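*Asks:* One structure, pasted below without further comment.
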Amino acid sequence: MNTATDHDYRASARRTLTLESQAIAALIERLDEAFDHACRLLLACEGRVVVTGMGKSGHVGRKIAATLASTGTPAFFVHPGEASHGDMGMITPRDVVLALSNSGETAEVTALLPLLKRMGAPLVSMTGRVGSTLSRHAEAHLDTAVAREACPLDLAPTTSTTAALAMGDALAVALLEARGFTAEDFALSHPGGSLGRRLLLKVEDLMHHGDRLPCVPLGSPLRDALLEITRQGLGFTCVIDEAGHLAGIYTDGDLRRTLDQHDDLRRLRVDDVMTHGGKTIRPELLAAEAVRIMEDNRITALAVVDDAGRPVGALHMHDLLASGVI
């Protein structure tokens with residue numbers, strides 16, 4: 001029968017989080033030249049980093065492989081049991097193997113050691129026991145030992161898997177920084193995510209152009225400018241001179257000011273009431289830069305101009321929202 005109270009649940013959670021945070025903090029003090037050597041091996045890898053581990057260590061290993069791969073270090077996971085039944089063919093001498101085992105004695109993992117030695121693939125191990133079989137056969141051993149598991153029986157992998165996961169993140173970030181990996185590089189690995197869209201999409205990918213570019217010449221009656229704004233539905237129109245250069249912009253906001261200041265709109269030309277110059281952006285710039293300009297200036301649209309200052313497109317905040325850049 002369950003007799004636990006809400007207080008018991010929270011007390012248990014606090015004990016778990018305290019034990020796991022202490023275990024991660026302890027890793028910092030044990031970082032040594034072995035970590036440096038492991039980083040050098042992974043950085044120099046000409047093939048892939050092959051991560052392997054059994055049970056809960058395998059689950060952690062899959063996440064480490066995914067993190068490495070998304071941060072500039074090509075990596076994949078191989079199940080050690082499957083490796084003994086054909087998947088060793090996925091590993092080449094150009095690869096580096098990162099093997100996880102809390103005990104360092106997991107049979108399915110240690111069974112691979114003679115094969116890796118014969119192949120010549122360097123081995124980095126991550127275990128909770130210095131002096132274990134796996135640690136002794138590795139070129140670099142990362143010590144992820146913990147004082148105890150958070151499980152009150154000290155049996156279920158909890159603190160130990162958290163420590164291994166944290167060490168994997170430490171490896172990935174150290175390699176990321178060593179490679180000079182950038183946000184743009186990260187976006188290339190995540191083209192479908194919001195970060196990818198924000199960092200990969202350019203203004204020219206989203207802008208309205210050709211017949212969808214709102215534009216009137218200097219000297220046009222204000223009525224023509226208003227009709228162009230209505231026709232294109234972007235909330236503004238470009239005003240161009242005889243050479244096709246941007247002379248100004250007329251917007252919905254300008255219209256409200258015009259109504260406040262003028263009684264008879266029929267006599268007005270767009271030149272009289274337009275915003276001279278106006279905010280613009282280049283087509284090759286990132287869409288994220290367009291977001292910054294719009295937010296900084298509290299506007300909802302931009303004229304897109306080429307090197308000569310000629311309008312080549314128009315971009316509205318709605319386009320940025322629809323594309324997922326915002």
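Naming scheme: A, B, ... for chains in displayed order of the structure tokens; residues 1 onward per chain; ligands 1 onward as shown.
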So which residues touch Ala121 (chain A) within 7 Å, counting only C-alpha atoms, skipping near sequence neighbours fewer than 3 positions away, as number ranges by chain?
*Replies:* A: 92-97, 116-117
*Asks:* With a distance cut-off of 10 Å and only C-alpha atoms, select the neighbouring residues of Ala140 (chain A), excluding the residue or stretch itself and same-chain residues fewer than 5 positions from it, and output the selection as an NGL selection string.
*Replies:* :A and (33-41 or 98 or 122-126 or 135)
*Asks:* Please produce an output containing N, CA and C atoms for each residue in the selection, written as a PDB file, in the first residue's frame.
*Replies:*
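What ended up in out_0.pdb:
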```
ATOM      1  N   GLU A  33      45.219  14.497 -17.767  1.00  0.00           N
ATOM      2  CA  GLU A  33      45.776  14.397 -19.114  1.00  0.00           C
ATOM      3  C   GLU A  33      45.078  13.330 -19.950  1.00  0.00           C
ATOM      4  N   ALA A  34      44.413  12.378 -19.310  1.00  0.00           N
ATOM      5  CA  ALA A  34      43.675  11.357 -20.067  1.00  0.00           C
ATOM      6  C   ALA A  34      42.544  11.998 -20.873  1.00  0.00           C
ATOM      7  N   PHE A  35      41.906  13.005 -20.293  1.00  0.00           N
ATOM      8  CA  PHE A  35      40.844  13.709 -21.025  1.00  0.00           C
ATOM      9  C   PHE A  35      41.442  14.430 -22.231  1.00  0.00           C
ATOM     10  N   ASP A  36      42.597  15.072 -22.033  1.00  0.00           N
ATOM     11  CA  ASP A  36      43.269  15.755 -23.144  1.00  0.00           C
ATOM     12  C   ASP A  36      43.611  14.769 -24.250  1.00  0.00           C
ATOM     13  N   HIS A  37      44.120  13.590 -23.846  1.00  0.00           N
ATOM     14  CA  HIS A  37      44.507  12.582 -24.825  1.00  0.00           C
ATOM     15  C   HIS A  37      43.288  12.072 -25.589  1.00  0.00           C
ATOM     16  N   ALA A  38      42.182  11.880 -24.865  1.00  0.00           N
ATOM     17  CA  ALA A  38      40.949  11.435 -25.517  1.00  0.00           C
ATOM     18  C   ALA A  38      40.488  12.461 -26.552  1.00  0.00           C
ATOM     19  N   CYS A  39      40.562  13.731 -26.202  1.00  0.00           N
ATOM     20  CA  CYS A  39      40.172  14.796 -27.134  1.00  0.00           C
ATOM     21  C   CYS A  39      41.060  14.788 -28.366  1.00  0.00           C
ATOM     22  N   ARG A  40      42.370  14.610 -28.162  1.00  0.00           N
ATOM     23  CA  ARG A  40      43.286  14.580 -29.305  1.00  0.00           C
ATOM     24  C   ARG A  40      42.977  13.407 -30.230  1.00  0.00           C
ATOM     25  N   LEU A  41      42.683  12.250 -29.649  1.00  0.00           N
ATOM     26  CA  LEU A  41      42.351  11.073 -30.458  1.00  0.00           C
ATOM     27  C   LEU A  41      41.081  11.309 -31.273  1.00  0.00           C
ATOM     28  N   LEU A  98      34.648   4.720 -28.827  1.00  0.00           N
ATOM     29  CA  LEU A  98      34.389   5.222 -27.482  1.00  0.00           C
ATOM     30  C   LEU A  98      33.460   4.221 -26.802  1.00  0.00           C
ATOM     31  N   PRO A 122      41.840   2.970 -32.512  1.00  0.00           N
ATOM     32  CA  PRO A 122      42.099   3.457 -31.152  1.00  0.00           C
ATOM     33  C   PRO A 122      40.847   3.342 -30.277  1.00  0.00           C
ATOM     34  N   LEU A 123      41.055   3.080 -28.984  1.00  0.00           N
ATOM     35  CA  LEU A 123      39.952   2.899 -28.049  1.00  0.00           C
ATOM     36  C   LEU A 123      40.026   3.936 -26.934  1.00  0.00           C
ATOM     37  N   VAL A 124      38.911   4.631 -26.715  1.00  0.00           N
ATOM     38  CA  VAL A 124      38.736   5.504 -25.567  1.00  0.00           C
ATOM     39  C   VAL A 124      37.649   4.863 -24.709  1.00  0.00           C
ATOM     40  N   SER A 125      37.925   4.681 -23.432  1.00  0.00           N
ATOM     41  CA  SER A 125      36.929   4.057 -22.567  1.00  0.00           C
ATOM     42  C   SER A 125      36.403   5.060 -21.552  1.00  0.00           C
ATOM     43  N   MET A 126      35.175   4.804 -21.115  1.00  0.00           N
ATOM     44  CA  MET A 126      34.545   5.620 -20.081  1.00  0.00           C
ATOM     45  C   MET A 126      33.925   4.639 -19.085  1.00  0.00           C
ATOM     46  N   SER A 135      39.298  -0.282 -19.039  1.00  0.00           N
ATOM     47  CA  SER A 135      40.173   0.874 -18.832  1.00  0.00           C
ATOM     48  C   SER A 135      41.628   0.533 -19.145  1.00  0.00           C
TER      49      SER A 135
END
```
*Asks:* From region 30-278 of chain A, collect each residue whose DSSP state is helix (DSSP H, G or I) and return the set as a PyMOL selection string.
*Replies:* chain A and resi 30+33-43+55-70+80-83+87-90+107-110+113-119+133-136+159-179+183-189+194-200+203-206+210-212+222-232+252-261+265-267+270-273
*Asks:* Quick one: of A:Ala69, A:Val109, A:Cys45, A:Ala11, who's nearest to Glu82 (chain A), counting only C-alpha atoms?
*Replies:* A:Val109
*Asks:* List the neighbours of Leu222 (chain A) out to 8 Å using only C-alpha atoms; skip same-chain residues closer than 2 positions along the sequence, and give me the result as an NGL selection string.
*Replies:* :A and (220 or 224-226 or 265-266 or 268-270)
*Asks:* For all heavy atoms, I'd like the residues from the last selection saved as a PDB file, in the first residue's frame.
*Replies:*
```
ATOM      1  N   SER A 220       4.360  60.238 -58.645  1.00  0.00           N
ATOM      2  CA  SER A 220       3.044  59.595 -58.757  1.00  0.00           C
ATOM      3  C   SER A 220       2.047  60.245 -57.812  1.00  0.00           C
ATOM      4  O   SER A 220       2.408  60.665 -56.705  1.00  0.00           O
ATOM      5  CB  SER A 220       3.149  58.111 -58.416  1.00  0.00           C
ATOM      6  OG  SER A 220       3.990  57.431 -59.308  1.00  0.00           O
ATOM      7  N   ASP A 224      -2.188  56.636 -56.522  1.00  0.00           N
ATOM      8  CA  ASP A 224      -1.538  55.487 -57.154  1.00  0.00           C
ATOM      9  C   ASP A 224      -0.728  54.682 -56.130  1.00  0.00           C
ATOM     10  O   ASP A 224      -0.681  53.444 -56.189  1.00  0.00           O
ATOM     11  CB  ASP A 224      -0.604  55.952 -58.271  1.00  0.00           C
ATOM     12  CG  ASP A 224      -1.376  56.500 -59.468  1.00  0.00           C
ATOM     13  OD1 ASP A 224      -2.626  56.402 -59.455  1.00  0.00           O
ATOM     14  OD2 ASP A 224      -0.733  57.016 -60.394  1.00  0.00           O
ATOM     15  N   ALA A 225      -0.077  55.391 -55.203  1.00  0.00           N
ATOM     16  CA  ALA A 225       0.699  54.714 -54.166  1.00  0.00           C
ATOM     17  C   ALA A 225      -0.218  53.887 -53.264  1.00  0.00           C
ATOM     18  O   ALA A 225       0.096  52.749 -52.903  1.00  0.00           O
ATOM     19  CB  ALA A 225       1.487  55.718 -53.341  1.00  0.00           C
ATOM     20  N   LEU A 226      -1.392  54.470 -52.932  1.00  0.00           N
ATOM     21  CA  LEU A 226      -2.334  53.756 -52.076  1.00  0.00           C
ATOM     22  C   LEU A 226      -2.894  52.527 -52.782  1.00  0.00           C
ATOM     23  O   LEU A 226      -3.067  51.460 -52.171  1.00  0.00           O
ATOM     24  CB  LEU A 226      -3.476  54.675 -51.647  1.00  0.00           C
ATOM     25  CG  LEU A 226      -3.062  55.882 -50.795  1.00  0.00           C
ATOM     26  CD1 LEU A 226      -4.278  56.762 -50.480  1.00  0.00           C
ATOM     27  CD2 LEU A 226      -2.393  55.434 -49.502  1.00  0.00           C
ATOM     28  N   LEU A 265      -6.378  64.929 -49.989  1.00  0.00           N
ATOM     29  CA  LEU A 265      -5.362  63.987 -50.451  1.00  0.00           C
ATOM     30  C   LEU A 265      -5.250  63.961 -51.970  1.00  0.00           C
ATOM     31  O   LEU A 265      -4.238  63.508 -52.508  1.00  0.00           O
ATOM     32  CB  LEU A 265      -5.681  62.563 -49.950  1.00  0.00           C
ATOM     33  CG  LEU A 265      -5.820  62.365 -48.443  1.00  0.00           C
ATOM     34  CD1 LEU A 265      -5.990  60.888 -48.124  1.00  0.00           C
ATOM     35  CD2 LEU A 265      -4.617  62.945 -47.702  1.00  0.00           C
ATOM     36  N   ARG A 266      -6.262  64.466 -52.659  1.00  0.00           N
ATOM     37  CA  ARG A 266      -6.274  64.365 -54.116  1.00  0.00           C
ATOM     38  C   ARG A 266      -5.160  65.167 -54.766  1.00  0.00           C
ATOM     39  O   ARG A 266      -4.695  64.837 -55.859  1.00  0.00           O
ATOM     40  CB  ARG A 266      -7.632  64.816 -54.660  1.00  0.00           C
ATOM     41  CG  ARG A 266      -8.777  63.866 -54.300  1.00  0.00           C
ATOM     42  CD  ARG A 266     -10.102  64.439 -54.702  1.00  0.00           C
ATOM     43  NE  ARG A 266     -10.394  65.692 -54.004  1.00  0.00           N
ATOM     44  CZ  ARG A 266     -11.480  66.431 -54.217  1.00  0.00           C
ATOM     45  NH1 ARG A 266     -12.368  66.057 -55.127  1.00  0.00           N
ATOM     46  NH2 ARG A 266     -11.678  67.546 -53.529  1.00  0.00           N
ATOM     47  N   LEU A 268      -2.168  65.670 -53.481  1.00  0.00           N
ATOM     48  CA  LEU A 268      -0.839  65.250 -53.022  1.00  0.00           C
ATOM     49  C   LEU A 268      -0.174  64.269 -53.980  1.00  0.00           C
ATOM     50  O   LEU A 268      -0.832  63.431 -54.600  1.00  0.00           O
ATOM     51  CB  LEU A 268      -0.950  64.598 -51.639  1.00  0.00           C
ATOM     52  CG  LEU A 268      -1.332  65.502 -50.475  1.00  0.00           C
ATOM     53  CD1 LEU A 268      -1.501  64.666 -49.217  1.00  0.00           C
ATOM     54  CD2 LEU A 268      -0.261  66.581 -50.265  1.00  0.00           C
ATOM     55  N   ARG A 269       1.134  64.399 -54.081  1.00  0.00           N
ATOM     56  CA  ARG A 269       1.939  63.385 -54.763  1.00  0.00           C
ATOM     57  C   ARG A 269       2.711  62.608 -53.707  1.00  0.00           C
ATOM     58  O   ARG A 269       2.949  63.103 -52.595  1.00  0.00           O
ATOM     59  CB  ARG A 269       2.889  64.046 -55.763  1.00  0.00           C
ATOM     60  CG  ARG A 269       2.146  64.786 -56.855  1.00  0.00           C
ATOM     61  CD  ARG A 269       3.040  65.161 -58.014  1.00  0.00           C
ATOM     62  NE  ARG A 269       2.260  65.769 -59.079  1.00  0.00           N
ATOM     63  CZ  ARG A 269       1.594  65.098 -60.010  1.00  0.00           C
ATOM     64  NH1 ARG A 269       1.611  63.774 -59.989  1.00  0.00           N
ATOM     65  NH2 ARG A 269       0.917  65.731 -60.943  1.00  0.00           N
ATOM     66  N   VAL A 270       3.092  61.410 -54.064  1.00  0.00           N
ATOM     67  CA  VAL A 270       3.753  60.551 -53.082  1.00  0.00           C
ATOM     68  C   VAL A 270       5.042  61.179 -52.573  1.00  0.00           C
ATOM     69  O   VAL A 270       5.451  60.973 -51.421  1.00  0.00           O
ATOM     70  CB  VAL A 270       3.996  59.139 -53.668  1.00  0.00           C
ATOM     71  CG1 VAL A 270       5.071  59.152 -54.760  1.00  0.00           C
ATOM     72  CG2 VAL A 270       4.347  58.152 -52.570  1.00  0.00           C
TER      73      VAL A 270
END
```
*Asks:* Among region 100-316 of chain A, which ones does DSSP place in strand (DSSP E or B), written as a count of residues only?
*Replies:* 45
*Asks:* Would you mind reading off the distance between CA of Gly104 (chain A) and CA of Leu27 (chain A), one decimal, in Å?
*Replies:* 17.3 Å
*Asks:* Which residues are near region 17-23 of chain A? Cut-off 12 Å, only C-alpha atoms, ignore same chain within fewer than 2 positions. Put them as a PyMOL selection string.
*Replies:* chain A and resi 10-15+25-30+128+143-152+154+157-167
*Asks:* Suppose you want the space between CA of His141 (chain A) and CA of Thr182 (chain A); what is it in Å?
*Replies:*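 A separation of 28.6 Å between them.
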*Asks:* Residues at most 8 Å from Val216 (chain A), counting only C-alpha atoms, excluding those fewer than 5 positions away in the same chain, as a list in words?
*Replies:*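 Contacts, in chain order: Asp224, Ala225, Glu228, Thr237, Cys238, Val239 and Ile240 of chain A.
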*Asks:* For a test of reading the model, state the distance in Å between CA of His318 (chain A) and CA of Arg256 (chain A), rounded to one decimal.
*Replies:* 21.1 Å
*Asks:* Mind checking which residues fall within 12 Å of Val78 (chain A), counting only C-alpha atoms, ignoring those fewer than 2 positions away in the same chain, and posting them as a PyMOL selection string?
*Replies:* chain A and resi 48-54+58-59+61-62+65+75-76+80-91+97-100+108-109+112
